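Dumped query_18.cif below, it's mmCIF, C-alpha atoms:
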```cif
data_my_file
#
loop_
_atom_site.label_atom_id
_atom_site.label_comp_id
_atom_site.auth_asym_id
_atom_site.auth_seq_id
_atom_site.Cartn_x
_atom_site.Cartn_y
_atom_site.Cartn_z
CA MET A 16 6.09 -1.97 42.32
CA ALA A 17 8.07 -2.89 45.40
CA THR A 18 8.62 -6.44 44.23
CA ALA A 19 9.82 -5.25 40.83
CA ALA A 20 12.22 -2.61 42.15
CA THR A 21 15.96 -3.15 41.76
CA GLU A 22 18.56 -2.40 44.38
CA HIS A 23 19.34 0.74 42.45
CA GLU A 24 15.70 1.83 42.52
CA ARG A 25 15.36 1.08 46.21
CA ALA A 26 18.48 3.07 46.99
CA LEU A 27 17.11 6.03 45.05
CA ALA A 28 13.72 5.67 46.77
CA ASP A 29 15.30 5.51 50.21
CA SER A 30 17.28 8.66 49.61
CA SER A 31 14.54 10.83 48.11
CA GLY A 32 11.11 9.54 49.10
CA SER A 33 9.36 6.53 47.58
CA ARG A 34 6.13 8.16 46.37
CA ARG A 35 7.74 9.76 43.32
CA GLN A 36 9.72 6.60 42.54
CA PRO A 37 7.27 5.12 39.96
CA ASP A 38 7.35 8.39 37.98
CA ARG A 39 11.13 8.43 38.05
CA THR A 40 11.32 4.78 37.01
CA ARG A 41 8.95 5.49 34.13
CA LYS A 42 10.95 8.56 33.05
CA ARG A 43 14.23 6.64 33.21
CA LEU A 44 12.78 3.84 31.08
CA LEU A 45 11.55 6.39 28.52
CA GLN A 46 14.94 8.13 28.32
CA CYS A 47 16.84 4.84 27.90
CA ALA A 48 14.27 3.59 25.35
CA PHE A 49 14.54 6.88 23.40
CA ASP A 50 18.34 6.49 23.21
CA GLU A 51 18.21 2.77 22.31
CA ILE A 52 15.55 3.36 19.58
CA HIS A 53 17.67 6.23 18.20
CA ARG A 54 20.71 3.94 18.00
CA SER A 55 19.06 0.73 16.77
CA GLY A 56 15.63 1.59 15.35
CA PHE A 57 12.38 0.49 17.01
CA ARG A 58 12.18 -3.10 15.76
CA ALA A 59 15.83 -3.88 16.51
CA ALA A 60 15.75 -2.02 19.86
CA SER A 61 16.74 -4.42 22.63
CA LEU A 62 14.54 -4.46 25.73
CA ASP A 63 17.44 -6.09 27.57
CA ALA A 64 19.68 -3.14 26.68
CA ILE A 65 16.99 -0.70 27.89
CA LEU A 66 16.63 -2.62 31.16
CA GLU A 67 20.38 -2.78 31.66
CA THR A 68 21.06 0.93 31.07
CA SER A 69 18.01 2.03 33.08
CA GLY A 70 18.65 -0.43 35.93
CA VAL A 71 14.94 -1.31 35.90
CA THR A 72 13.45 -4.83 35.99
CA LYS A 73 11.43 -6.39 33.19
CA GLY A 74 8.46 -6.58 35.58
CA ALA A 75 8.58 -2.81 36.15
CA LEU A 76 8.83 -2.16 32.39
CA TYR A 77 5.72 -4.24 31.67
CA HIS A 78 3.94 -2.69 34.67
CA HIS A 79 4.44 0.79 33.19
CA PHE A 80 3.99 0.09 29.47
CA GLY A 81 2.39 -3.31 28.94
CA SER A 82 4.27 -4.08 25.72
CA LYS A 83 7.22 -2.99 23.58
CA THR A 84 4.80 -1.29 21.17
CA GLN A 85 3.18 0.73 23.96
CA LEU A 86 6.65 1.70 25.19
CA GLY A 87 7.43 2.86 21.62
CA TYR A 88 4.24 4.95 21.46
CA ALA A 89 5.07 6.53 24.85
CA VAL A 90 8.59 7.36 23.61
CA VAL A 91 7.04 9.17 20.61
CA ASP A 92 4.45 11.04 22.73
CA GLU A 93 6.55 11.88 25.78
CA MET A 94 10.15 12.09 24.50
CA LEU A 95 10.19 12.67 20.74
CA ARG A 96 7.39 15.28 20.59
CA PRO A 97 8.90 17.53 23.30
CA TRP A 98 12.35 16.98 21.73
CA VAL A 99 11.09 18.44 18.43
CA GLU A 100 9.03 21.17 20.10
CA ASP A 101 11.87 22.30 22.37
CA ALA A 102 14.32 22.49 19.45
CA TRP A 103 11.92 24.53 17.28
CA ARG A 104 10.18 26.69 19.89
CA PRO A 105 12.59 29.64 19.38
CA VAL A 106 11.64 29.61 15.67
CA LEU A 107 7.91 29.19 16.28
CA ASP A 108 7.83 31.99 18.88
CA ALA A 109 10.11 34.45 17.08
CA ASP A 110 9.06 37.81 15.69
CA ASP A 111 11.90 37.47 13.18
CA VAL A 112 11.51 33.87 12.02
CA VAL A 113 14.47 34.13 9.61
CA ASP A 114 16.87 35.23 12.33
CA ALA A 115 15.60 32.48 14.66
CA ALA A 116 15.87 29.78 11.98
CA LEU A 117 19.40 30.93 11.07
CA ALA A 118 20.38 30.69 14.74
CA LEU A 119 18.92 27.15 14.88
CA CYS A 120 20.90 26.16 11.76
CA ARG A 121 24.12 27.38 13.32
CA GLN A 122 23.23 25.46 16.50
CA LEU A 123 22.52 22.27 14.50
CA ARG A 124 25.89 22.60 12.78
CA ARG A 125 27.69 23.10 16.08
CA GLN A 126 25.83 20.23 17.74
CA ARG A 127 26.29 17.66 14.99
CA THR A 128 27.98 14.86 16.80
CA ASP A 129 29.22 11.47 15.73
CA SER A 130 25.93 10.16 17.11
CA VAL A 131 23.81 12.30 14.78
CA LEU A 132 26.02 11.60 11.76
CA GLN A 133 25.90 7.88 12.52
CA HIS A 134 22.33 7.49 13.75
CA GLY A 135 20.44 10.37 12.09
CA CYS A 136 17.44 12.29 13.43
CA PRO A 137 15.24 10.32 15.87
CA LEU A 138 12.06 11.66 14.21
CA ASN A 139 13.19 10.98 10.64
CA ASN A 140 14.38 7.49 11.60
CA LEU A 141 11.01 6.48 13.08
CA VAL A 142 9.09 8.00 10.18
CA ASN A 143 11.15 5.96 7.75
CA GLU A 144 11.08 2.77 9.78
CA MET A 145 7.56 2.64 11.21
CA ALA A 146 5.17 5.03 9.41
CA SER A 147 4.21 2.67 6.63
CA ILE A 148 3.96 -0.48 8.74
CA ASP A 149 2.27 0.56 12.00
CA ASP A 150 -0.75 2.83 12.18
CA GLY A 151 -0.17 3.78 15.83
CA PHE A 152 3.30 5.12 15.01
CA ARG A 153 2.07 6.71 11.78
CA GLN A 154 -0.74 8.71 13.43
CA ARG A 155 1.58 9.97 16.18
CA LEU A 156 4.47 10.86 13.86
CA ARG A 157 2.09 12.48 11.40
CA ALA A 158 0.62 14.68 14.17
CA ILE A 159 4.13 15.79 15.24
CA LEU A 160 5.02 16.67 11.64
CA GLN A 161 1.73 18.48 11.07
CA ASP A 162 2.18 20.56 14.22
CA TRP A 163 5.80 21.30 13.30
CA HIS A 164 4.77 22.32 9.76
CA SER A 165 1.83 24.42 11.01
CA GLY A 166 4.09 26.16 13.52
CA VAL A 167 6.65 27.11 10.86
CA VAL A 168 3.83 28.23 8.52
CA ALA A 169 2.51 30.50 11.29
CA GLY A 170 6.02 31.89 11.85
CA ILE A 171 6.46 32.63 8.11
CA ARG A 172 3.03 34.36 7.99
CA ARG A 173 3.91 36.42 11.06
CA GLY A 174 7.14 37.41 9.30
CA GLN A 175 5.16 38.36 6.18
CA ALA A 176 2.82 40.47 8.33
CA ASN A 177 5.65 42.31 10.13
CA GLY A 178 7.79 42.79 7.01
CA SER A 179 10.64 40.37 7.82
CA VAL A 180 9.64 37.79 5.16
CA ARG A 181 8.85 38.37 1.46
CA ASN A 182 5.16 38.48 0.66
CA ASP A 183 5.47 36.78 -2.74
CA LEU A 184 6.18 33.39 -1.10
CA GLN A 185 3.69 30.67 -0.15
CA ALA A 186 4.17 30.00 3.58
CA GLU A 187 3.14 26.30 3.28
CA GLN A 188 5.76 25.69 0.60
CA VAL A 189 8.54 27.54 2.43
CA ALA A 190 7.82 25.64 5.66
CA ALA A 191 7.78 22.31 3.79
CA VAL A 192 11.12 23.11 2.13
CA ILE A 193 12.76 24.01 5.47
CA ILE A 194 11.54 20.78 7.09
CA CYS A 195 12.53 18.63 4.10
CA ILE A 196 16.07 20.08 4.04
CA VAL A 197 16.55 19.49 7.78
CA GLU A 198 15.18 15.93 7.70
CA GLY A 199 16.72 15.03 4.34
CA ALA A 200 20.14 16.23 5.56
CA ALA A 201 19.85 14.27 8.81
CA GLY A 202 18.85 11.10 6.94
CA LEU A 203 21.53 11.33 4.24
CA ALA A 204 24.28 12.27 6.73
CA LYS A 205 24.01 8.71 8.09
CA THR A 206 25.22 7.33 4.79
CA ARG A 207 28.02 9.77 4.27
CA GLN A 208 29.08 9.50 7.91
CA ASP A 209 31.22 12.53 7.32
CA PRO A 210 30.25 16.09 8.12
CA LEU A 211 30.76 17.50 4.62
CA PHE A 212 27.36 16.74 3.08
CA PHE A 213 25.53 17.75 6.27
CA GLU A 214 27.59 20.94 6.40
CA ALA A 215 26.84 21.79 2.75
CA SER A 216 23.13 21.14 3.34
CA MET A 217 22.99 23.38 6.40
CA GLN A 218 24.92 26.17 4.65
CA GLY A 219 22.55 25.81 1.68
CA LEU A 220 19.61 26.08 4.09
CA GLU A 221 21.13 29.26 5.55
CA SER A 222 21.35 30.78 2.05
CA TYR A 223 17.73 29.75 1.43
CA LEU A 224 16.61 31.34 4.71
CA ALA A 225 18.47 34.57 3.88
CA SER A 226 16.65 34.64 0.51
CA LEU A 227 13.31 34.80 2.35
CA ARG A 228 14.01 38.36 3.47
CA PRO A 229 12.51 41.22 1.46
CA GLN A 230 15.03 42.48 -1.09
CA PRO A 231 16.38 45.95 -0.33
CA THR A 232 14.79 48.47 -2.70
CA MET B 12 20.42 -24.75 -13.43
CA ALA B 13 18.07 -27.20 -15.13
CA THR B 14 17.20 -28.91 -11.88
CA ALA B 15 16.37 -25.57 -10.24
CA ALA B 16 14.19 -24.29 -13.09
CA THR B 17 10.44 -24.01 -12.60
CA GLU B 18 7.81 -24.90 -15.17
CA HIS B 19 7.51 -21.21 -15.89
CA GLU B 20 11.24 -20.89 -16.50
CA ARG B 21 11.32 -23.98 -18.72
CA ALA B 22 8.43 -22.64 -20.79
CA LEU B 23 10.26 -19.34 -21.26
CA ALA B 24 13.47 -21.17 -22.13
CA ASP B 25 11.72 -23.41 -24.65
CA SER B 26 10.19 -20.43 -26.41
CA SER B 27 13.27 -18.19 -26.61
CA GLY B 28 16.43 -20.22 -26.26
CA SER B 29 17.86 -21.55 -23.02
CA ARG B 30 21.29 -19.91 -23.10
CA ARG B 31 19.99 -16.52 -22.00
CA GLN B 32 17.73 -18.09 -19.37
CA PRO B 33 20.10 -17.69 -16.37
CA ASP B 34 20.42 -13.95 -17.12
CA ARG B 35 16.66 -13.57 -17.36
CA THR B 36 16.13 -15.51 -14.12
CA ARG B 37 18.68 -13.30 -12.39
CA LYS B 38 17.08 -10.14 -13.76
CA ARG B 39 13.59 -11.30 -12.71
CA LEU B 40 14.84 -12.05 -9.18
CA LEU B 41 16.43 -8.59 -8.98
CA GLN B 42 13.24 -6.83 -10.14
CA CYS B 43 11.03 -8.75 -7.68
CA ALA B 44 13.55 -8.20 -4.86
CA PHE B 45 13.71 -4.45 -5.66
CA ASP B 46 9.90 -4.22 -5.41
CA GLU B 47 9.68 -6.32 -2.23
CA ILE B 48 12.48 -4.33 -0.51
CA HIS B 49 10.75 -1.08 -1.53
CA ARG B 50 7.50 -2.30 0.05
CA SER B 51 8.86 -3.98 3.20
CA GLY B 52 12.41 -2.76 3.79
CA PHE B 53 15.45 -5.02 3.45
CA ARG B 54 15.34 -6.81 6.80
CA ALA B 55 11.59 -7.52 6.62
CA ALA B 56 11.73 -8.43 2.92
CA SER B 57 10.39 -11.96 2.45
CA LEU B 58 12.44 -14.32 0.29
CA ASP B 59 9.31 -16.45 -0.08
CA ALA B 60 7.43 -13.47 -1.52
CA ILE B 61 10.30 -12.77 -3.95
CA LEU B 62 10.33 -16.43 -5.04
CA GLU B 63 6.55 -16.49 -5.46
CA THR B 64 6.29 -13.32 -7.56
CA SER B 65 9.36 -14.19 -9.65
CA GLY B 66 8.34 -17.84 -10.13
CA VAL B 67 11.94 -18.85 -9.33
CA THR B 68 13.04 -21.62 -6.98
CA LYS B 69 15.03 -21.10 -3.79
CA GLY B 70 17.85 -23.16 -5.32
CA ALA B 71 18.09 -20.76 -8.26
CA LEU B 72 18.08 -17.74 -5.95
CA TYR B 73 20.99 -19.09 -3.89
CA HIS B 74 22.78 -20.18 -7.08
CA HIS B 75 22.69 -16.59 -8.35
CA PHE B 76 23.22 -14.64 -5.13
CA GLY B 77 24.47 -16.93 -2.35
CA SER B 78 22.67 -15.09 0.46
CA LYS B 79 19.96 -12.54 1.18
CA THR B 80 22.63 -9.93 1.91
CA GLN B 81 24.34 -10.53 -1.45
CA LEU B 82 20.93 -10.27 -3.15
CA GLY B 83 20.43 -6.93 -1.35
CA TYR B 84 23.83 -5.63 -2.51
CA ALA B 85 23.03 -6.70 -6.09
CA VAL B 86 19.67 -4.87 -5.89
CA VAL B 87 21.52 -1.69 -4.84
CA ASP B 88 24.20 -2.03 -7.56
CA GLU B 89 22.08 -3.26 -10.45
CA MET B 90 18.57 -1.87 -9.79
CA LEU B 91 18.76 1.12 -7.44
CA ARG B 92 21.82 2.81 -8.99
CA PRO B 93 20.43 2.77 -12.56
CA TRP B 94 17.00 3.80 -11.17
CA VAL B 95 18.55 6.97 -9.67
CA GLU B 96 20.81 7.60 -12.68
CA ASP B 97 18.00 7.20 -15.23
CA ALA B 98 15.71 9.57 -13.30
CA TRP B 99 18.40 12.27 -12.98
CA ARG B 100 20.26 11.88 -16.30
CA PRO B 101 18.20 14.64 -18.01
CA VAL B 102 19.30 17.03 -15.22
CA LEU B 103 22.93 15.91 -15.22
CA ASP B 104 23.20 16.17 -19.02
CA ALA B 105 21.28 19.44 -19.47
CA ASP B 106 22.75 22.71 -20.68
CA ASP B 107 19.99 24.47 -18.72
CA VAL B 108 20.04 22.59 -15.41
CA VAL B 109 17.24 24.73 -13.93
CA ASP B 110 14.85 23.94 -16.79
CA ALA B 111 15.72 20.24 -16.60
CA ALA B 112 15.27 20.10 -12.81
CA LEU B 113 11.93 21.94 -13.05
CA ALA B 114 10.78 19.39 -15.62
CA LEU B 115 11.84 16.56 -13.28
CA CYS B 116 9.90 18.17 -10.40
CA ARG B 117 6.76 18.34 -12.51
CA GLN B 118 7.32 14.70 -13.51
CA LEU B 119 7.77 13.64 -9.85
CA ARG B 120 4.52 15.42 -8.95
CA ARG B 121 2.64 13.74 -11.80
CA GLN B 122 4.12 10.32 -11.01
CA ARG B 123 3.51 10.33 -7.27
CA THR B 124 1.46 7.24 -6.77
CA ASP B 125 -0.08 5.62 -3.74
CA SER B 126 2.98 3.38 -3.72
CA VAL B 127 5.43 6.29 -3.38
CA LEU B 128 3.28 8.06 -0.78
CA GLN B 129 2.97 4.84 1.18
CA HIS B 130 6.43 3.33 0.69
CA GLY B 131 8.67 6.35 0.04
CA CYS B 132 11.80 6.54 -2.12
CA PRO B 133 13.68 3.22 -2.49
CA LEU B 134 17.05 4.98 -2.03
CA ASN B 135 16.01 7.03 1.00
CA ASN B 136 14.42 3.95 2.61
CA LEU B 137 17.59 1.86 2.34
CA VAL B 138 19.78 4.74 3.52
CA ASN B 139 17.62 5.10 6.61
CA GLU B 140 17.27 1.40 7.28
CA MET B 141 20.70 -0.03 6.47
CA ALA B 142 23.39 2.67 6.25
CA SER B 143 24.21 2.74 9.94
CA ILE B 144 24.04 -1.02 10.54
CA ASP B 145 25.71 -2.66 7.49
CA ASP B 146 28.94 -1.43 5.95
CA GLY B 147 28.30 -3.14 2.61
CA PHE B 148 25.04 -1.24 2.17
CA ARG B 149 26.56 1.96 3.52
CA GLN B 150 29.49 2.00 1.07
CA ARG B 151 27.21 1.30 -1.91
CA LEU B 152 24.52 3.84 -0.92
CA ARG B 153 27.16 6.43 -0.11
CA ALA B 154 28.73 6.00 -3.57
CA ILE B 155 25.33 6.45 -5.25
CA LEU B 156 24.68 9.62 -3.24
CA GLN B 157 28.18 10.98 -3.90
CA ASP B 158 27.82 10.41 -7.65
CA TRP B 159 24.33 11.96 -7.61
CA HIS B 160 25.60 14.99 -5.67
CA SER B 161 28.70 15.35 -7.89
CA GLY B 162 26.51 15.16 -11.00
CA VAL B 163 24.20 17.93 -9.79
CA VAL B 164 27.21 20.03 -8.71
CA ALA B 165 28.65 19.67 -12.23
CA GLY B 166 25.28 20.68 -13.73
CA ILE B 167 25.10 23.80 -11.50
CA ARG B 168 28.68 24.76 -12.43
CA ARG B 169 27.90 24.28 -16.13
CA GLY B 170 24.88 26.54 -15.63
CA GLN B 171 27.08 29.12 -13.90
CA ALA B 172 29.54 28.97 -16.81
CA ASN B 173 26.85 29.40 -19.48
CA GLY B 174 24.91 32.09 -17.61
CA SER B 175 21.78 30.08 -16.69
CA VAL B 176 22.61 29.89 -12.93
CA ARG B 177 23.62 32.73 -10.58
CA ASN B 178 27.34 32.96 -9.92
CA ASP B 179 26.98 34.06 -6.29
CA LEU B 180 25.84 30.55 -5.24
CA GLN B 181 28.00 27.65 -3.99
CA ALA B 182 27.29 24.69 -6.28
CA GLU B 183 27.93 22.09 -3.52
CA GLN B 184 25.37 23.76 -1.26
CA VAL B 185 22.73 24.15 -3.98
CA ALA B 186 23.10 20.50 -5.02
CA ALA B 187 22.87 19.33 -1.40
CA VAL B 188 19.70 21.40 -0.86
CA ILE B 189 18.04 19.98 -3.98
CA ILE B 190 18.85 16.39 -2.95
CA CYS B 191 17.75 16.96 0.67
CA ILE B 192 14.39 18.43 -0.42
CA VAL B 193 13.69 15.53 -2.78
CA GLU B 194 14.68 12.84 -0.26
CA GLY B 195 13.18 14.62 2.75
CA ALA B 196 9.87 15.03 0.90
CA ALA B 197 9.80 11.37 -0.15
CA GLY B 198 10.54 10.23 3.40
CA LEU B 199 8.01 12.50 5.12
CA ALA B 200 5.29 11.80 2.55
CA LYS B 201 5.11 8.25 3.96
CA THR B 202 3.91 9.60 7.27
CA ARG B 203 1.40 12.02 5.89
CA GLN B 204 0.17 9.50 3.33
CA ASP B 205 -1.62 12.33 1.63
CA PRO B 206 -0.31 14.29 -1.31
CA LEU B 207 -0.52 17.76 0.29
CA PHE B 208 2.85 17.87 2.07
CA PHE B 209 4.64 16.24 -0.88
CA GLU B 210 2.93 18.72 -3.23
CA ALA B 211 3.92 21.72 -1.08
CA SER B 212 7.51 20.43 -0.91
CA MET B 213 7.76 19.99 -4.68
CA GLN B 214 6.22 23.41 -5.35
CA GLY B 215 8.65 24.90 -2.83
CA LEU B 216 11.50 23.14 -4.66
CA GLU B 217 10.28 24.65 -7.95
CA SER B 218 10.38 28.15 -6.42
CA TYR B 219 13.88 27.43 -5.10
CA LEU B 220 15.03 26.23 -8.55
CA ALA B 221 13.56 29.34 -10.20
CA SER B 222 15.51 31.48 -7.68
CA LEU B 223 18.78 30.01 -9.01
CA ARG B 224 18.43 31.93 -12.27
CA PRO B 225 20.32 35.20 -12.65
CA GLN B 226 18.06 38.11 -11.73
CA PRO B 227 17.05 40.27 -14.68
CA THR B 228 18.97 43.54 -14.56
#
```
Before we go any further, please render this structure as structure tokens.
Amino acid sequence: MATAATEHERALADSSGSRRQPDRTRKRLLQCAFDEIHRSGFRAASLDAILETSGVTKGALYHHFGSKTQLGYAVVDEMLRPWVEDAWRPVLDADDVVDAALALCRQLRRQRTDSVLQHGCPLNNLVNEMASIDDGFRQRLRAILQDWHSGVVAGIRRGQANGSVRNDLQAEQVAAVIICIVEGAAGLAKTRQDPLFFEASMQGLESYLASLRPQPT
Amino acid sequence: MATAATEHERALADSSGSRRQPDRTRKRLLQCAFDEIHRSGFRAASLDAILETSGVTKGALYHHFGSKTQLGYAVVDEMLRPWVEDAWRPVLDADDVVDAALALCRQLRRQRTDSVLQHGCPLNNLVNEMASIDDGFRQRLRAILQDWHSGVVAGIRRGQANGSVRNDLQAEQVAAVIICIVEGAAGLAKTRQDPLFFEASMQGLESYLASLRPQPT
């Protein structure tokens, strides 16, 4: 690693201990690759751009990941999966799944930035770009989606058990609808590149979520 | 054109009159390009594959379209737009928009083929691949989506006026939700490559559509 380290890496290592340096280099590469893939897609992602923004050498990149494809798989496993899980954990853990999902909707509306409107959802992008052409991406993305779907299904069932969600609904269908609206809205927002369609979709999702509550009798 | 025509083209021209031949050649190129772009995406679409399946020469392709990008724009304008409009016309024209949309859902579920599960929706694919990197694609895809959304909004409002849709709903939000579920489901189905998630999404959409009807009092 020493021969592949840049001045920037060596300065960091000198100031904070060199034993953790390879982990930090790896993490920095993953973060820069995640951002570059979000902006450009996986196939058009530029390794030079990733090296430039991370300040890491090509030798260090290939030492850690071996190939661009392996770097892509690591981005899915170590960046994209926790990104989805962290965003949805409040919903998956909630006693009142409707309240938690409504709070997430409001957060998504507040957080929608030019970057999201222009570049879409990192998960949805990779699904659409890579799932039908690369089995390694497909298996990983499929597992993330299955876990996401299963988690929302469990939340809906918990809500049905504790009386916060209507019992006449099929949890698998409700969870699929919620995920499709979120990912459909993120994908289509890229084309509109204005917040209106995304806003209408999120408000429509909020109405849908409110309709999951038992009707007052 | 005569010098660019293949044996296949000449045989067709001989049997049915040569004056309409350029139009048929153009139409055949567009159909083969639409299929190839659906399978491979626009950037990975192979002009050689389009020429081989259409039986048209490279000279004829460039005579009609000038460049791969212009061919792509023509596919969006002349194949993709009518493909969306034909599929949704029964919904846009219906007096009972809920009934018409439910019928379309059932049709989408019946029609889901290995090709759709593997390759997704042609519109959603191009939105996700090209909208943020090419302004010509983005403007065209955005116009198709706007017209689709406006058409569904008009159908919802007609339903609200004639009593077949609840009046407490915002038509823009309902239309956005319907479009997001359809496009989200088509995109995510590619990753699952099994019909279960797509099926759950479509059944969930049917429940949502049924919920748009005025409640019996």
Just need the residues of chain A within 8 Å of chain B, counting only C-alpha atoms, so spit them out as a ChimeraX atom specification. /A:133-134,139-140,142-144,146-147,153-154,156-157,187-189,191-192,194-200,202-203,205-207,212,215-216,218-220,223
For the structure provided, state which residues fall under the PyMOL selection byres ((chain A and resi 107) around 8), and present them as a PyMOL selection string. chain A and resi 103-106+108-109+112+166-167+169-170
Separation of CA of Leu223 (chain B) and CA of Val109 (chain B), in Å?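 Value for the CA of Leu223 (chain B)-CA of Val109 (chain B) distance: 7.4 Å.
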Which residues, named as in the file, does the PyMOL selection byres ((chain A and resi 93-95) around 8) pick out? Answer as an mmCIF file with C-alpha atoms, in the frame of the given file.
```cif
data_model
loop_
_atom_site.group_PDB
_atom_site.id
_atom_site.type_symbol
_atom_site.label_atom_id
_atom_site.label_comp_id
_atom_site.auth_asym_id
_atom_site.auth_seq_id
_atom_site.Cartn_x
_atom_site.Cartn_y
_atom_site.Cartn_z
ATOM 1 C CA LEU A 45 11.550 6.390 28.520
ATOM 2 C CA GLN A 46 14.940 8.130 28.320
ATOM 3 C CA PHE A 49 14.540 6.880 23.400
ATOM 4 C CA ALA A 89 5.070 6.530 24.850
ATOM 5 C CA VAL A 90 8.590 7.360 23.610
ATOM 6 C CA VAL A 91 7.040 9.170 20.610
ATOM 7 C CA ASP A 92 4.450 11.040 22.730
ATOM 8 C CA ARG A 96 7.390 15.280 20.590
ATOM 9 C CA PRO A 97 8.900 17.530 23.300
ATOM 10 C CA TRP A 98 12.350 16.980 21.730
ATOM 11 C CA VAL A 99 11.090 18.440 18.430
ATOM 12 C CA PRO A 137 15.240 10.320 15.870
ATOM 13 C CA LEU A 138 12.060 11.660 14.210
#
```
Near-Pro227 (chain B) list (12 Å; all atoms listed in the file; drop same-chain fewer than 6 positions) as an NGL selection string: :B and (174-177)
Selection export as a CSV table (one decimal), keeping the file's coordinate frame, atoms kept: C-alpha atoms:
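The resulting file, out_29.csv, is reproduced below:
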```csv
chain,number,residue,atom,x,y,z
B,174,GLY,CA,24.9,32.1,-17.6
B,175,SER,CA,21.8,30.1,-16.7
B,176,VAL,CA,22.6,29.9,-12.9
B,177,ARG,CA,23.6,32.7,-10.6
```
For region 83-85 of chain A: contacts at 10 Å, only C-alpha atoms, fewer than 5 positions along chain excluded, given as an MDAnalysis selection string: chainID A and resid 48 57:58 60:62 76:77 90:91 149 151:152
Any idea what the distance is between CA of His79 (chain A) and CA of Asp38 (chain A)? 9.4 Å
Quick check, in Å to one decimal: how far apart do CA of Ile52 (chain A) and CA of His49 (chain B) lie?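 A separation of 22.1 Å between them.
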